[in-house]
Amino acid sequence: MTPRDTDAPIHFATVRQGGREVRLEYRRLGGESSAPLLVFLHEGLGSVSMWRDFPARLCAEGGFRGLVFSRAGYGRSTPRPQDERWTPSYMHEQAREVLPRFLAAVGVDAQRDPPWLFGHSDGASIALIHAAEQPREVAGLVLLAPHIFVEDLSVHSITQAKYAYRDTDLRPRLARHHGDVDSAFWGWNDIWLDPAFRRWNIEDLLPSIQAPILAVQGHNDEYGTMTQVDGLAARAGAEVLKLDGCAHSPHRDRPEAVIAATIEFIARHRAATAGRLPGQPRREETP
C-alpha cells in the first residue's frame with residue numbers, strides 16, 4: 001500500500017518571525033533515527049497538504065526521515081495579517097531566520113546532523129539562500145523548479161494566476177489547503193508582481209554553497225525556463241535533470257523520475273562523503 005502524508009499527525013511549533021510569534025504546522029515522516037532527514041520546503045502557494053502523498057512516498061522508497069511544514073501565511077500555520085505586505089527580502093528572511101528557528105524548535109540539530117533540503121519553487125530558493133549562508137548545516141539540496149532571478153515568464157504567469165484566482169475556481173481549490181486562502185495567495189502574488197521585486201537575484205550567493213545540488217526542471221514549466229537550472233550548474237556545480245512532459249511541479253507531473261533521481265543522488269553523495277565513490281557531472285534526461 002502506498003503511504004500517505006495525511007496518515008502522519010499534524011503538530012505545531014512556535015517560532016518568532018518579524019517580531020511576533022507564529023505557529024507553524026508540520027508533520028514528521030517515518031524512518032530509522034539514523035536515516036537521512038529530508039526537510040520539505042513548499043512553493044509560493046503550497047502547504048503541508050499541497051505536497052499530497054509525495055513526501056511519504058519518497059521517504060518510504062528511499063528509507064528517509066521526513067519533516068514537512070507550512071510557512072506562516074500558509075496551510076494551518078498562522079495567517080499573514082491582512083495589512084502585512086511581504087518585502088522583496090521575504091525569502092531571505094525565511095532562509096536566515098525562520099528556517100533555523102523552526103528546525104531548532106522541533107529538535108533538529110543541524111550542526112550535528114545536517115538535513116537534506118527538498119525545495120519546490122520559492123521553497124527551492126529559500127533552500128539555496130540557507131545553504132549559502134549556513135554551509136555546514138545542510139547535507140545537500142534537491143530543488144524542483146528553483147528561482148535564482150526573476151524572469152519575464154514568471155511575472156506573466158503570476159499575472160495570469162491573479163486573474164484566475166478572481167475569475168475561476170482556483171480560489172476554492174486552493175482553499176482546501178489553506179486556513180486563510182487570501183493570506184496565502186495575495187502574500188505571494190502581490191510581492192512577485194511588485195516592480196521592486198524584479199531586481200530580486202541570488203546568483204551572487206550561489207558560489208558559497210558547499211553542499212551537493214540536484215536541480216530538476218520541466219521543459220513545460222510555465223513559471224521558469226532552463227536558464228534557472230543552467231545558472232545553478234554554472235555557478236554552484238549543480239547536477240541538472242531536465243524532464244519532458246513536466247511543468248512547474250515535477251513531483252506531481254513526473255513523481256517516479258523525481259523519486260528515483262533523489263534516492264540515487266543522496267545515496268551517491270553519502271557514499272562519496274564516506275570516500276567510496278566519486279561525484280558525477282550534471283546530466284540531462286534523454287527525450
# chains A, B, ... in the order shown; residues from 1 in each chain; ligands from 1
>>> select_by_dssp(residues="range 20-121 of chain A", states="strand (DSSP E or B)", output="number ranges by chain")
A: 20-29, 37-41, 65-69, 116-120
>>> closest_atom_pairs(of="range 77-144 of chain A", to="range 165-182 of chain A", cutoff="10 Å", atoms="only C-alpha atoms", output="tab-separated table")
residue	atom	partner	partner_atom	distance
A:Ser77	CA	A:Gly179	CA	7.9
A:Thr78	CA	A:Gly179	CA	8.8
A:Pro79	CA	A:Asp180	CA	6.2
A:Arg80	CA	A:Asp180	CA	8.4
A:Gln82	CA	A:Asp182	CA	8.8
>>> closest_residue(among="A:Gly66, A:Tyr90, A:Gly107, A:His147", to="Asp221 in chain A", atoms="only C-alpha atoms")
A:His147
>>> atom_distance(atom1="CA of Arg101 in chain A", atom2="CA of Arg16 in chain A")
7.6 Å
>>> residues_around(residues="Glu97 in chain A", least_positions_apart="4", cutoff="10 Å", atoms="only C-alpha atoms", output="PyMOL selection string")
chain A and resi 15-18+91-93+101-102+130
>>> atom_distance(atom1="CA of Phe185 in chain A", atom2="CA of Glu151 in chain A")
19.7 Å
>>> residues_around(residues="Ala8 in chain A", least_positions_apart="2", cutoff="12 Å", atoms="only C-alpha atoms", output="VMD selection string")
chain A and resid 3 to 6 10 to 11 26 to 30 48 to 49 52 to 53 55 to 56 66 to 68
>>> residues_around(residues="Asp230 in chain A", least_positions_apart="4", cutoff="10 Å", atoms="only C-alpha atoms", output="list in words")
Ala215, Gln217, Thr225, Met226, Ala234, Arg235, Ala236, Gly237, Ala238, Glu239, Val240 and Arg282 of chain A
>>> atom_distance(atom1="CA of Phe54 in chain A", atom2="CA of Leu206 in chain A")
27.5 Å
>>> residues_around(residues="range 111-113 of chain A", least_positions_apart="5", cutoff="10 Å", atoms="only C-alpha atoms", output="list in words")
Ser34, Pro36, Leu37, Gln134, Pro135, Arg136, Glu137, Val138 and Ala139 of chain A
>>> write_last_selection(atoms="C-alpha atoms", output="tab-separated table (two decimals), in the first residue's frame")
chain	number	residue	atom	x	y	z
A	34	SER	CA	20.00	7.17	11.62
A	36	PRO	CA	18.93	10.93	6.26
A	37	LEU	CA	16.45	13.67	7.19
A	134	GLN	CA	24.81	28.09	6.68
A	135	PRO	CA	27.02	25.77	4.61
A	136	ARG	CA	27.80	23.40	7.48
A	137	GLU	CA	24.15	22.89	8.36
A	138	VAL	CA	22.98	21.41	5.04
A	139	ALA	CA	23.89	17.92	3.77
>>> closest_atom_pairs(of="range 102-201 of chain A", to="range 41-44 of chain A", cutoff="12 Å", atoms="only C-alpha atoms", output="CSV")
residue,atom,partner,partner_atom,distance
A:Phe102,CA,A:Leu41,CA,11.9
A:Trp116,CA,A:Leu41,CA,10.7
A:Leu117,CA,A:Leu41,CA,7.3
A:Phe118,CA,A:Leu41,CA,6.1
A:Gly119,CA,A:Leu41,CA,4.5
A:His120,CA,A:Glu43,CA,5.1
A:Ser121,CA,A:Glu43,CA,4.9
A:Asp122,CA,A:Glu43,CA,4.9
A:Gly123,CA,A:Leu41,CA,4.5
A:Ala124,CA,A:Leu41,CA,6.9
A:Ser125,CA,A:Leu41,CA,9.4
A:Ile126,CA,A:Leu41,CA,7.9
A:Ala127,CA,A:Leu41,CA,7.5
A:Leu128,CA,A:Leu41,CA,11.0
A:His130,CA,A:Leu41,CA,11.5
A:Leu141,CA,A:Leu41,CA,10.9
A:Val142,CA,A:Leu41,CA,10.3
A:Leu143,CA,A:Leu41,CA,9.5
A:Leu144,CA,A:Glu43,CA,9.4
A:Ala145,CA,A:Glu43,CA,9.4
A:Pro146,CA,A:Glu43,CA,9.5
A:His147,CA,A:Glu43,CA,10.7
A:Ile158,CA,A:Gly44,CA,10.5
A:Ala161,CA,A:Gly44,CA,11.9
A:Leu174,CA,A:Gly44,CA,11.8
A:Ser183,CA,A:Gly44,CA,11.5
A:Ala184,CA,A:Gly44,CA,8.0
A:Phe185,CA,A:Gly44,CA,8.1
A:Trp186,CA,A:Gly44,CA,10.2
A:Gly187,CA,A:Gly44,CA,8.8
A:Trp188,CA,A:Gly44,CA,5.9
A:Asn189,CA,A:Gly44,CA,8.5
A:Asp190,CA,A:Gly44,CA,11.4
A:Ile191,CA,A:Gly44,CA,10.7
A:Trp192,CA,A:Gly44,CA,9.7
>>> select_by_dssp(residues="range 52-277 of chain A", states="helix (DSSP H, G or I)", output="MDAnalysis selection string")
chainID A and resid 54:62 90:105 122:133 135:137 152:167 170:175 181:192 195:199 203:208 227:236 250:253 255:273
>>> closest_residue(among="A:His248, A:Phe64, A:Gln228, A:Ala274", to="Ile202 in chain A", atoms="only C-alpha atoms")
A:Gln228
>>> residues_around(residues="Glu256 in chain A", least_positions_apart="6", cutoff="10 Å", atoms="only C-alpha atoms", output="short mmCIF file (atom, residue, chain, number, x, y, z; two decimals) with N, CA and C atoms, in the first residue's frame")
data_model
loop_
_atom_site.label_atom_id
_atom_site.label_comp_id
_atom_site.auth_asym_id
_atom_site.auth_seq_id
_atom_site.Cartn_x
_atom_site.Cartn_y
_atom_site.Cartn_z
N PHE A 54 3.38 12.83 -1.81
CA PHE A 54 4.73 12.70 -2.36
C PHE A 54 5.81 12.56 -1.29
N ARG A 57 5.80 9.03 0.03
CA ARG A 57 6.28 8.07 -0.98
C ARG A 57 7.80 8.09 -1.08
N LEU A 58 8.35 9.30 -1.18
CA LEU A 58 9.80 9.44 -1.31
C LEU A 58 10.52 8.88 -0.08
N PRO A 250 7.39 19.13 -10.81
CA PRO A 250 7.92 17.83 -11.21
C PRO A 250 7.49 16.68 -10.30
N THR A 262 16.25 11.38 -6.82
CA THR A 262 16.57 11.82 -5.46
C THR A 262 17.26 10.71 -4.67
#
>>> closest_residue(among="A:Leu214, A:Val39, A:Ala196, A:Leu243", to="Arg65 in chain A", atoms="only C-alpha atoms")
A:Val39
>>> closest_residue(among="A:Pro88, A:Gly75, A:Pro212, A:Gly231", to="Leu193 in chain A", atoms="only C-alpha atoms")
A:Pro88
>>> closest_residue(among="A:Arg23, A:Ser89, A:Ala105, A:Leu241", to="Asn201 in chain A", atoms="only C-alpha atoms")
A:Ser89
